[in-house]
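**Q** This one is model_7.txt, compact mmCIF, N, CA and C atoms and all ligand atoms.
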```txt
# COMPACT_ATOMS: atom_id res chain seq x y z
N MET K 1 4.14 8.67 -15.56
CA MET K 1 4.28 8.48 -14.13
C MET K 1 3.09 7.68 -13.59
N GLN K 2 3.36 6.95 -12.51
CA GLN K 2 2.33 6.10 -11.93
C GLN K 2 2.31 6.25 -10.42
N LYS K 3 1.15 6.00 -9.85
CA LYS K 3 1.06 5.87 -8.40
C LYS K 3 0.84 4.40 -8.08
N ILE K 4 1.69 3.87 -7.21
CA ILE K 4 1.53 2.49 -6.76
C ILE K 4 1.01 2.52 -5.34
N GLU K 5 -0.13 1.91 -5.13
CA GLU K 5 -0.66 1.76 -3.77
C GLU K 5 -0.57 0.29 -3.41
N ALA K 6 0.14 0.01 -2.34
CA ALA K 6 0.28 -1.37 -1.90
C ALA K 6 -0.25 -1.48 -0.48
N ILE K 7 -1.23 -2.37 -0.29
CA ILE K 7 -1.77 -2.62 1.04
C ILE K 7 -1.22 -3.97 1.49
N ILE K 8 -0.46 -3.93 2.57
CA ILE K 8 0.29 -5.13 2.98
C ILE K 8 0.09 -5.40 4.46
N GLN K 9 0.54 -6.57 4.88
CA GLN K 9 0.53 -6.91 6.30
C GLN K 9 1.55 -6.04 7.03
N PRO K 10 1.17 -5.47 8.17
CA PRO K 10 2.11 -4.62 8.90
C PRO K 10 3.44 -5.32 9.22
N ARG K 11 3.39 -6.61 9.47
CA ARG K 11 4.64 -7.31 9.83
C ARG K 11 5.62 -7.42 8.65
N LYS K 12 5.12 -7.13 7.44
CA LYS K 12 5.99 -7.19 6.26
C LYS K 12 6.61 -5.83 5.92
N LEU K 13 6.19 -4.80 6.65
CA LEU K 13 6.61 -3.44 6.27
C LEU K 13 8.12 -3.28 6.23
N GLU K 14 8.80 -3.72 7.26
CA GLU K 14 10.24 -3.48 7.32
C GLU K 14 10.98 -4.21 6.19
N ALA K 15 10.58 -5.45 5.91
CA ALA K 15 11.22 -6.19 4.81
C ALA K 15 10.97 -5.51 3.47
N VAL K 16 9.75 -5.03 3.27
CA VAL K 16 9.42 -4.36 2.01
C VAL K 16 10.20 -3.05 1.89
N ARG K 17 10.27 -2.32 2.99
CA ARG K 17 11.02 -1.06 2.97
C ARG K 17 12.48 -1.31 2.57
N GLN K 18 13.07 -2.33 3.17
CA GLN K 18 14.48 -2.65 2.86
C GLN K 18 14.64 -3.06 1.39
N ALA K 19 13.70 -3.86 0.90
CA ALA K 19 13.79 -4.33 -0.49
C ALA K 19 13.64 -3.15 -1.46
N LEU K 20 12.76 -2.21 -1.13
CA LEU K 20 12.58 -1.03 -1.99
C LEU K 20 13.80 -0.12 -1.94
N ASP K 21 14.40 -0.03 -0.77
CA ASP K 21 15.63 0.75 -0.62
C ASP K 21 16.73 0.18 -1.52
N LYS K 22 16.80 -1.16 -1.56
CA LYS K 22 17.82 -1.85 -2.37
C LYS K 22 17.68 -1.56 -3.86
N ILE K 23 16.45 -1.37 -4.32
CA ILE K 23 16.28 -1.09 -5.76
C ILE K 23 16.24 0.43 -6.02
N GLY K 24 16.61 1.20 -5.00
CA GLY K 24 16.84 2.63 -5.23
C GLY K 24 15.62 3.53 -5.10
N ILE K 25 14.60 3.05 -4.40
CA ILE K 25 13.42 3.90 -4.20
C ILE K 25 13.72 4.94 -3.13
N LYS K 26 13.56 6.20 -3.52
CA LYS K 26 14.02 7.29 -2.65
C LYS K 26 12.91 7.84 -1.75
N GLY K 27 11.67 7.69 -2.16
CA GLY K 27 10.58 8.26 -1.37
C GLY K 27 9.38 7.35 -1.33
N LEU K 28 8.75 7.28 -0.17
CA LEU K 28 7.46 6.59 -0.10
C LEU K 28 6.68 7.09 1.10
N SER K 29 5.38 6.90 1.06
CA SER K 29 4.52 7.29 2.18
C SER K 29 3.87 6.05 2.75
N VAL K 30 3.72 6.05 4.06
CA VAL K 30 3.16 4.88 4.76
C VAL K 30 2.03 5.34 5.66
N SER K 31 0.92 4.62 5.65
CA SER K 31 -0.12 4.90 6.65
C SER K 31 -0.70 3.61 7.20
N ASP K 32 -1.16 3.71 8.43
CA ASP K 32 -1.87 2.60 9.06
C ASP K 32 -3.32 2.68 8.63
N ILE K 33 -3.85 1.59 8.15
CA ILE K 33 -5.25 1.61 7.73
C ILE K 33 -6.01 0.42 8.31
N ASP K 34 -7.33 0.54 8.29
CA ASP K 34 -8.23 -0.56 8.62
C ASP K 34 -8.98 -0.91 7.35
N GLY K 35 -9.18 -2.18 7.11
CA GLY K 35 -9.92 -2.53 5.91
C GLY K 35 -10.36 -3.97 5.92
N TYR K 36 -10.98 -4.36 4.83
CA TYR K 36 -11.26 -5.78 4.64
C TYR K 36 -11.28 -6.11 3.16
N GLY K 37 -11.07 -7.36 2.86
CA GLY K 37 -11.04 -7.82 1.48
C GLY K 37 -12.11 -8.87 1.25
N ASN K 38 -11.75 -9.88 0.50
CA ASN K 38 -12.65 -10.94 0.07
C ASN K 38 -13.38 -11.66 1.18
N GLN K 39 -12.70 -11.84 2.31
CA GLN K 39 -13.31 -12.64 3.38
C GLN K 39 -14.40 -11.85 4.10
N LYS K 40 -14.52 -10.59 3.74
CA LYS K 40 -15.59 -9.73 4.24
C LYS K 40 -15.54 -9.54 5.74
N GLY K 41 -16.41 -8.68 6.15
CA GLY K 41 -16.52 -8.46 7.59
C GLY K 41 -17.72 -9.19 8.12
N HIS K 42 -17.84 -9.16 9.38
CA HIS K 42 -19.09 -9.60 9.98
C HIS K 42 -19.44 -8.60 11.08
N THR K 43 -20.66 -8.65 11.53
CA THR K 43 -21.07 -7.70 12.57
C THR K 43 -21.43 -8.45 13.84
N GLU K 44 -21.31 -7.78 14.93
CA GLU K 44 -21.68 -8.33 16.23
C GLU K 44 -22.68 -7.40 16.89
N MET K 45 -23.56 -7.98 17.66
CA MET K 45 -24.52 -7.17 18.40
C MET K 45 -23.94 -6.85 19.77
N TYR K 46 -24.06 -5.60 20.17
CA TYR K 46 -23.65 -5.21 21.52
C TYR K 46 -24.68 -4.23 22.06
N ARG K 47 -25.35 -4.59 23.09
CA ARG K 47 -26.42 -3.77 23.68
C ARG K 47 -27.42 -3.28 22.62
N GLY K 48 -27.83 -4.24 21.82
CA GLY K 48 -28.86 -3.92 20.83
C GLY K 48 -28.37 -3.19 19.59
N GLN K 49 -27.07 -2.85 19.56
CA GLN K 49 -26.50 -2.14 18.40
C GLN K 49 -25.62 -3.10 17.61
N GLU K 50 -25.64 -2.94 16.30
CA GLU K 50 -24.75 -3.76 15.47
C GLU K 50 -23.41 -3.07 15.31
N TYR K 51 -22.34 -3.77 15.57
CA TYR K 51 -21.01 -3.20 15.38
C TYR K 51 -20.22 -4.05 14.39
N SER K 52 -19.48 -3.40 13.56
CA SER K 52 -18.62 -4.13 12.66
C SER K 52 -17.32 -4.48 13.38
N VAL K 53 -16.97 -5.74 13.35
CA VAL K 53 -15.68 -6.15 13.92
C VAL K 53 -14.80 -6.67 12.79
N ALA K 54 -15.15 -6.18 11.62
CA ALA K 54 -14.61 -6.77 10.41
C ALA K 54 -13.23 -6.27 10.03
N PHE K 55 -12.88 -5.11 10.49
CA PHE K 55 -11.69 -4.48 9.95
C PHE K 55 -10.41 -5.08 10.52
N THR K 56 -9.47 -5.29 9.65
CA THR K 56 -8.16 -5.75 10.11
C THR K 56 -7.14 -4.66 9.83
N LYS K 57 -6.10 -4.64 10.61
CA LYS K 57 -5.05 -3.63 10.49
C LYS K 57 -4.12 -3.98 9.33
N LYS K 58 -3.92 -3.01 8.48
CA LYS K 58 -2.96 -3.18 7.37
C LYS K 58 -2.12 -1.92 7.29
N VAL K 59 -1.14 -1.98 6.42
CA VAL K 59 -0.30 -0.80 6.16
C VAL K 59 -0.44 -0.48 4.67
N LYS K 60 -0.60 0.80 4.38
CA LYS K 60 -0.68 1.22 2.97
C LYS K 60 0.57 1.99 2.59
N LEU K 61 1.21 1.53 1.54
CA LEU K 61 2.36 2.25 0.98
C LEU K 61 1.89 3.00 -0.25
N GLU K 62 2.34 4.23 -0.39
CA GLU K 62 2.06 4.99 -1.61
C GLU K 62 3.39 5.40 -2.21
N ILE K 63 3.59 5.00 -3.45
CA ILE K 63 4.84 5.31 -4.13
C ILE K 63 4.52 5.95 -5.48
N TYR K 64 4.99 7.13 -5.66
CA TYR K 64 4.84 7.83 -6.95
C TYR K 64 6.14 7.59 -7.71
N THR K 65 6.02 7.15 -8.94
CA THR K 65 7.23 6.73 -9.65
C THR K 65 7.13 6.96 -11.16
N THR K 66 8.30 6.89 -11.78
CA THR K 66 8.33 7.01 -13.24
C THR K 66 7.89 5.69 -13.87
N ASP K 67 7.40 5.77 -15.10
CA ASP K 67 6.86 4.57 -15.77
C ASP K 67 7.87 3.42 -15.80
N ASN K 68 9.13 3.76 -16.06
CA ASN K 68 10.12 2.70 -16.27
C ASN K 68 10.46 1.92 -15.00
N LYS K 69 10.13 2.45 -13.84
CA LYS K 69 10.43 1.74 -12.58
C LYS K 69 9.23 0.96 -12.04
N THR K 70 8.07 1.18 -12.63
CA THR K 70 6.84 0.65 -12.04
C THR K 70 6.86 -0.87 -11.89
N ASP K 71 7.22 -1.57 -12.95
CA ASP K 71 7.18 -3.04 -12.91
C ASP K 71 8.13 -3.61 -11.85
N GLU K 72 9.30 -2.99 -11.74
CA GLU K 72 10.29 -3.49 -10.77
C GLU K 72 9.78 -3.30 -9.33
N ILE K 73 9.15 -2.16 -9.09
CA ILE K 73 8.61 -1.89 -7.75
C ILE K 73 7.50 -2.89 -7.42
N VAL K 74 6.60 -3.09 -8.36
CA VAL K 74 5.48 -4.03 -8.13
C VAL K 74 6.02 -5.42 -7.85
N LYS K 75 6.98 -5.85 -8.66
CA LYS K 75 7.56 -7.20 -8.51
C LYS K 75 8.22 -7.34 -7.14
N THR K 76 8.94 -6.32 -6.72
CA THR K 76 9.64 -6.34 -5.43
C THR K 76 8.64 -6.46 -4.28
N ILE K 77 7.56 -5.68 -4.35
CA ILE K 77 6.56 -5.74 -3.27
C ILE K 77 5.86 -7.10 -3.30
N MET K 78 5.50 -7.56 -4.49
CA MET K 78 4.82 -8.86 -4.63
C MET K 78 5.62 -9.96 -3.96
N GLU K 79 6.91 -9.97 -4.25
CA GLU K 79 7.76 -11.06 -3.73
C GLU K 79 7.99 -10.92 -2.23
N THR K 80 8.19 -9.68 -1.77
CA THR K 80 8.60 -9.49 -0.37
C THR K 80 7.41 -9.57 0.59
N ALA K 81 6.24 -9.14 0.14
CA ALA K 81 5.08 -9.09 1.05
C ALA K 81 4.31 -10.41 1.09
N LYS K 82 4.70 -11.37 0.25
CA LYS K 82 3.92 -12.61 0.12
C LYS K 82 4.24 -13.62 1.21
N SER K 83 3.16 -14.10 1.87
CA SER K 83 3.33 -15.26 2.75
C SER K 83 2.60 -16.47 2.15
N GLY K 84 1.66 -16.18 1.24
CA GLY K 84 0.86 -17.23 0.63
C GLY K 84 -0.46 -17.46 1.34
N LYS K 85 -0.68 -16.73 2.43
CA LYS K 85 -1.93 -16.89 3.19
C LYS K 85 -2.90 -15.77 2.85
N ILE K 86 -4.18 -15.98 3.18
CA ILE K 86 -5.16 -14.92 2.94
C ILE K 86 -4.77 -13.66 3.71
N GLY K 87 -5.12 -12.53 3.11
CA GLY K 87 -4.83 -11.26 3.77
C GLY K 87 -3.45 -10.70 3.49
N ASP K 88 -2.73 -11.27 2.54
CA ASP K 88 -1.39 -10.77 2.20
C ASP K 88 -1.44 -9.35 1.62
N GLY K 89 -2.61 -8.99 1.07
CA GLY K 89 -2.75 -7.62 0.59
C GLY K 89 -2.90 -7.52 -0.91
N LYS K 90 -2.84 -6.29 -1.40
CA LYS K 90 -3.08 -6.03 -2.82
C LYS K 90 -2.21 -4.87 -3.27
N ILE K 91 -2.04 -4.80 -4.57
CA ILE K 91 -1.28 -3.69 -5.16
C ILE K 91 -2.12 -3.08 -6.27
N PHE K 92 -2.22 -1.78 -6.26
CA PHE K 92 -2.96 -1.06 -7.29
C PHE K 92 -2.01 -0.09 -7.98
N VAL K 93 -2.12 0.00 -9.30
CA VAL K 93 -1.31 0.95 -10.07
C VAL K 93 -2.25 1.93 -10.76
N ILE K 94 -2.01 3.21 -10.51
CA ILE K 94 -2.93 4.25 -10.97
C ILE K 94 -2.12 5.29 -11.76
N PRO K 95 -2.57 5.66 -12.95
CA PRO K 95 -1.84 6.67 -13.72
C PRO K 95 -1.78 8.00 -12.95
N LEU K 96 -0.61 8.62 -13.04
CA LEU K 96 -0.38 9.88 -12.31
C LEU K 96 -0.18 10.99 -13.34
N SER K 97 -0.93 12.05 -13.23
CA SER K 97 -0.85 13.07 -14.28
C SER K 97 0.25 14.09 -14.08
N GLN K 98 0.61 14.38 -12.84
CA GLN K 98 1.68 15.35 -12.66
C GLN K 98 2.28 15.25 -11.26
N ALA K 99 3.53 15.71 -11.12
CA ALA K 99 4.22 15.78 -9.83
C ALA K 99 5.03 17.06 -9.80
N TYR K 100 5.13 17.65 -8.62
CA TYR K 100 5.91 18.88 -8.45
C TYR K 100 6.77 18.78 -7.21
N ARG K 101 7.99 19.28 -7.27
CA ARG K 101 8.78 19.47 -6.05
C ARG K 101 8.63 20.93 -5.65
N ILE K 102 8.08 21.14 -4.49
CA ILE K 102 7.71 22.50 -4.08
C ILE K 102 8.93 23.40 -3.97
N ARG K 103 10.03 22.86 -3.39
CA ARG K 103 11.21 23.70 -3.14
C ARG K 103 11.78 24.30 -4.41
N THR K 104 11.86 23.48 -5.46
CA THR K 104 12.58 23.91 -6.66
C THR K 104 11.66 24.31 -7.82
N GLY K 105 10.41 23.93 -7.70
CA GLY K 105 9.49 24.17 -8.81
C GLY K 105 9.60 23.15 -9.93
N GLU K 106 10.47 22.12 -9.75
CA GLU K 106 10.57 21.07 -10.78
C GLU K 106 9.23 20.36 -10.94
N SER K 107 9.02 19.82 -12.15
CA SER K 107 7.81 19.03 -12.36
C SER K 107 8.14 17.81 -13.20
N GLY K 108 7.17 16.88 -13.28
CA GLY K 108 7.36 15.67 -14.06
C GLY K 108 8.35 14.71 -13.40
N ASP K 109 8.98 13.87 -14.24
CA ASP K 109 9.89 12.83 -13.75
C ASP K 109 10.93 13.36 -12.78
N SER K 110 11.46 14.56 -13.04
CA SER K 110 12.55 15.06 -12.19
C SER K 110 12.04 15.53 -10.83
N ALA K 111 10.74 15.66 -10.67
CA ALA K 111 10.18 16.01 -9.35
C ALA K 111 9.99 14.78 -8.48
N ILE K 112 10.15 13.60 -9.08
CA ILE K 112 9.96 12.35 -8.33
C ILE K 112 11.29 11.89 -7.77
N1 LIG H 1 -11.29 -3.78 -3.63
C1 LIG H 1 -10.67 -3.17 -2.61
N2 LIG H 1 -10.77 -1.85 -2.44
C2 LIG H 1 -10.14 -1.23 -1.43
N3 LIG H 1 -9.36 -1.85 -0.53
C3 LIG H 1 -9.24 -3.17 -0.66
C4 LIG H 1 -9.89 -3.91 -1.69
N4 LIG H 1 -9.55 -5.21 -1.54
C5 LIG H 1 -8.75 -5.28 -0.48
N5 LIG H 1 -8.57 -4.07 0.06
C6 LIG H 1 -7.72 -3.71 1.19
O1 LIG H 1 -6.65 -4.63 1.19
C7 LIG H 1 -6.55 -5.27 2.45
C8 LIG H 1 -6.03 -6.68 2.26
O2 LIG H 1 -6.88 -7.34 1.40
P1 LIG H 1 -6.74 -8.90 1.26
O3 LIG H 1 -5.32 -9.27 1.10
O4 LIG H 1 -7.49 -9.57 2.36
O5 LIG H 1 -7.49 -9.09 -0.15
P2 LIG H 1 -8.36 -10.28 -0.64
O6 LIG H 1 -8.95 -9.86 -1.95
O7 LIG H 1 -9.31 -10.68 0.45
O8 LIG H 1 -7.30 -11.42 -0.92
P3 LIG H 1 -7.05 -12.76 -0.05
O9 LIG H 1 -8.13 -13.71 -0.47
O10 LIG H 1 -5.69 -13.18 -0.43
O11 LIG H 1 -7.16 -12.37 1.41
C9 LIG H 1 -7.94 -5.16 3.03
O12 LIG H 1 -7.90 -5.22 4.43
C10 LIG H 1 -8.38 -3.80 2.53
O13 LIG H 1 -7.80 -2.80 3.37
MG MG H 2 -8.67 -11.24 2.33
```
Please go through the file and, once you have read it, give me the structure as structure tokens.

**A**
Amino acid sequence: MQKIEAIIQPRKLEAVRQALDKIGIKGLSVSDIDGYGNQKGHTEMYRGQEYSVAFTKKVKLEIYTTDNKTDEIVKTIMETAKSGKIGDGKIFVIPLSQAYRIRTGESGDSAI
């Protein structure tokens, strides 16, 4: 099992959601995040204090999935979230050691 974390442009969320729905993804989590990448942040002075104005709004998708679906999910997000401009986002794949469905007590692949 794997955890896929995809940080994407908020305006791409609906298209990515639809594309993932089409390939049969049943569950995902979404959060609004602030962050920065390669272009870094910069700071501004305001009344003698330094403030970071560096953060840009992104959306983070978290998808827990079985090994055999991982590549298809990554490919789908890569294609759908891409505009070709800086700030399109990133995808991280992290090994997942276990999953449980609380209601039934199932674990492993069948809990996903
Ligand atoms: N190494 C990282 N660790 C944690 N979060 C990151 C990392 N790199 C990027 N992010 C998150 O991803 C968001 C989008 O990153 P972004 O697409 O700008 O990456 P990038 O490496 O700067 O690529 P690009 O040059 O295409 O902009 C950032 O706002 C931040 O939230
Ligand atoms: Mg960037």

**Q** Report, in Å to a single decimal, how far apart atom N of Ile4 (chain K) and CA of Asp67 (chain K) are.

**A**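 The value is 10.0 Å.
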
**Q** Near region 12-21 of chain K, counting all atoms listed in the file, which residues have an atom at most 6 Å away, once you skip same-chain residues fewer than 4 positions from it, shown as JSON, numbers by chain?

**A** {"K": [25, 80, 81]}

**Q** If you count only C-alpha atoms and all ligand atoms, which residues end up within 12 Å of ligand LIG 1 (chain H), as a PyMOL selection string?

**A** chain K and resi 5-10+31-41+54-61+78+81-92

**Q** List as a PyMOL selection string the protein and nucleic acid residues near Lys3 (chain K), meaning an atom at most 6.5 Å away when only N, CA and C atoms are counted, but skip any in the same chain fewer than 2 places from it.

**A** chain K and resi 1+5+62-65+92-96

**Q** Using CA of Ser97 (chain K) and atom C of Asp71 (chain K) as the two end points, give the distance in Å to one decimal.

**A**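 One can read the CA of Ser97 (chain K) to atom C of Asp71 (chain K) distance as 19.1 Å.
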
**Q** What is the distance between CA of Gly27 (chain K) and atom N of Tyr100 (chain K), in Å to one decimal?

**A**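 Those two atoms sit 13.1 Å apart.
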